[in-house]
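Here's the structure we're looking at; comments come further down.
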Amino acid sequence: MEVGLMVSFRIDRRSGIPTYVQLVLQTKQALRLGELRQGDRLPTAKDVVSALAINPNTVLKAYRELERDGLVEARPGAGTFVIGTLAKPGMAEQSALRAELARWVRHGRDAGLDRADLEALVAAELNVQYDTDTKGST
């Protein structure tokens with residue numbers, strides 16, 4: 001489901017991840033990438049339900065969690081609006097990095113790797129780069 005050009009909700013029913021969690025994670029990703037900004041309105045629960053064929057309570061649960069996290073605010077009669085952000089200053093200058101990442105993903109696909117393979121590679125490298133607990137200990 002496209003919401004303007006800001007956020008696209010997709011549900012993977014085979015992932016084992018609850019639907020409301022998928023909505024929360026995708027909204028947080030859009031906030032982190034600057035695709036959603038303060039003042040933007042999230043789609044109504046009715047719009048999400050209609051586009052994704054999910055229960056309205058699922059959408060409301062996701063929005064409540066985002067509200068508890070201080071990222072959105074429900075305004076009766078007006079909708080749910082973004083009031084917080086997860087974007088860091090350097091994320092605005094991400095186009096070169098995204099282009100490089102797109103080339104890397106295409107290279108991996110061309111080599112026969114699937115999404116799970118690429119996700120495993122990225123996760124492993126992130127662990128190497130960010131796991132300070134294991135660096136220097138042997």
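Residues are referred to by chain and number: the chain letter is A, B, ... according to the order shown in the structure tokens, the number counts from 1 in that chain, and ligands are numbered separately from 1 in the order shown.
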- Message: Applying 7 Å and only C-alpha atoms, which residues near stretch 78-83 of chain A remain after dropping the ones on its own chain fewer than 5 positions away? List them as a list in words.
- Response: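 In the requested form, the answer reads Arg37, Gln38, Gly39, Asp40, Arg41, Leu42, Thr44, Leu71, Val72 and Glu73 of chain A.
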- Message: What's around stretch 13-18 of chain A at 12 Å? Count only C-alpha atoms, leave out sequence neighbours fewer than 2 positions away in its own chain, and write the answer as a VMD selection string.
- Response: chain A and resid 10 to 11 20 to 25 52 to 54 58 to 59 61 to 62 116
For the residues selected in the previous step, produce a file with N, CA and C atoms as a PDB file, in the first residue's frame.
ATOM      1  N   ARG A  10       3.858  -3.503   3.461  1.00  0.00           N
ATOM      2  CA  ARG A  10       3.783  -4.831   2.862  1.00  0.00           C
ATOM      3  C   ARG A  10       3.727  -5.832   4.002  1.00  0.00           C
ATOM      4  N   ILE A  11       2.882  -6.808   3.868  1.00  0.00           N
ATOM      5  CA  ILE A  11       2.758  -7.831   4.906  1.00  0.00           C
ATOM      6  C   ILE A  11       3.261  -9.151   4.348  1.00  0.00           C
ATOM      7  N   TYR A  20       1.012  -6.606  13.167  1.00  0.00           N
ATOM      8  CA  TYR A  20       1.149  -5.267  13.736  1.00  0.00           C
ATOM      9  C   TYR A  20       2.622  -4.888  13.907  1.00  0.00           C
ATOM     10  N   VAL A  21       3.470  -5.857  14.220  1.00  0.00           N
ATOM     11  CA  VAL A  21       4.905  -5.600  14.364  1.00  0.00           C
ATOM     12  C   VAL A  21       5.493  -5.216  13.006  1.00  0.00           C
ATOM     13  N   GLN A  22       5.052  -5.882  11.939  1.00  0.00           N
ATOM     14  CA  GLN A  22       5.532  -5.525  10.606  1.00  0.00           C
ATOM     15  C   GLN A  22       5.174  -4.073  10.274  1.00  0.00           C
ATOM     16  N   LEU A  23       3.965  -3.648  10.628  1.00  0.00           N
ATOM     17  CA  LEU A  23       3.553  -2.259  10.379  1.00  0.00           C
ATOM     18  C   LEU A  23       4.414  -1.289  11.188  1.00  0.00           C
ATOM     19  N   VAL A  24       4.672  -1.630  12.445  1.00  0.00           N
ATOM     20  CA  VAL A  24       5.505  -0.778  13.300  1.00  0.00           C
ATOM     21  C   VAL A  24       6.916  -0.678  12.721  1.00  0.00           C
ATOM     22  N   LEU A  25       7.503  -1.820  12.378  1.00  0.00           N
ATOM     23  CA  LEU A  25       8.872  -1.830  11.849  1.00  0.00           C
ATOM     24  C   LEU A  25       8.981  -1.051  10.545  1.00  0.00           C
ATOM     25  N   LEU A  52      -4.652  -4.028   2.617  1.00  0.00           N
ATOM     26  CA  LEU A  52      -3.903  -5.220   3.015  1.00  0.00           C
ATOM     27  C   LEU A  52      -4.776  -6.387   3.474  1.00  0.00           C
ATOM     28  N   ALA A  53      -6.085  -6.162   3.559  1.00  0.00           N
ATOM     29  CA  ALA A  53      -7.012  -7.205   4.018  1.00  0.00           C
ATOM     30  C   ALA A  53      -6.589  -7.749   5.386  1.00  0.00           C
ATOM     31  N   ILE A  54      -6.445  -6.826   6.344  1.00  0.00           N
ATOM     32  CA  ILE A  54      -6.109  -7.210   7.713  1.00  0.00           C
ATOM     33  C   ILE A  54      -7.164  -6.639   8.652  1.00  0.00           C
ATOM     34  N   THR A  58      -5.576  -4.672  14.289  1.00  0.00           N
ATOM     35  CA  THR A  58      -4.144  -4.862  14.048  1.00  0.00           C
ATOM     36  C   THR A  58      -3.476  -3.525  13.741  1.00  0.00           C
ATOM     37  N   VAL A  59      -4.119  -2.738  12.902  1.00  0.00           N
ATOM     38  CA  VAL A  59      -3.588  -1.415  12.546  1.00  0.00           C
ATOM     39  C   VAL A  59      -3.594  -0.514  13.779  1.00  0.00           C
ATOM     40  N   LYS A  61      -3.478  -1.366  16.878  1.00  0.00           N
ATOM     41  CA  LYS A  61      -2.450  -1.822  17.815  1.00  0.00           C
ATOM     42  C   LYS A  61      -1.072  -1.289  17.402  1.00  0.00           C
ATOM     43  N   ALA A  62      -0.784  -1.337  16.114  1.00  0.00           N
ATOM     44  CA  ALA A  62       0.493  -0.821  15.607  1.00  0.00           C
ATOM     45  C   ALA A  62       0.594   0.682  15.874  1.00  0.00           C
ATOM     46  N   ALA A 116      17.163 -14.012   1.531  1.00  0.00           N
ATOM     47  CA  ALA A 116      17.643 -14.527   2.821  1.00  0.00           C
ATOM     48  C   ALA A 116      19.166 -14.593   2.859  1.00  0.00           C
TER      49      ALA A 116
END
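Taking atom CA of A:Ser8 as the reference point, atom CA of A:Ala30 is found at 8.5 Å.
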- Query: By how many Å are atom CA of A:Pro56 and atom CA of A:Ala74 apart?
  - Reply: 15.2 Å
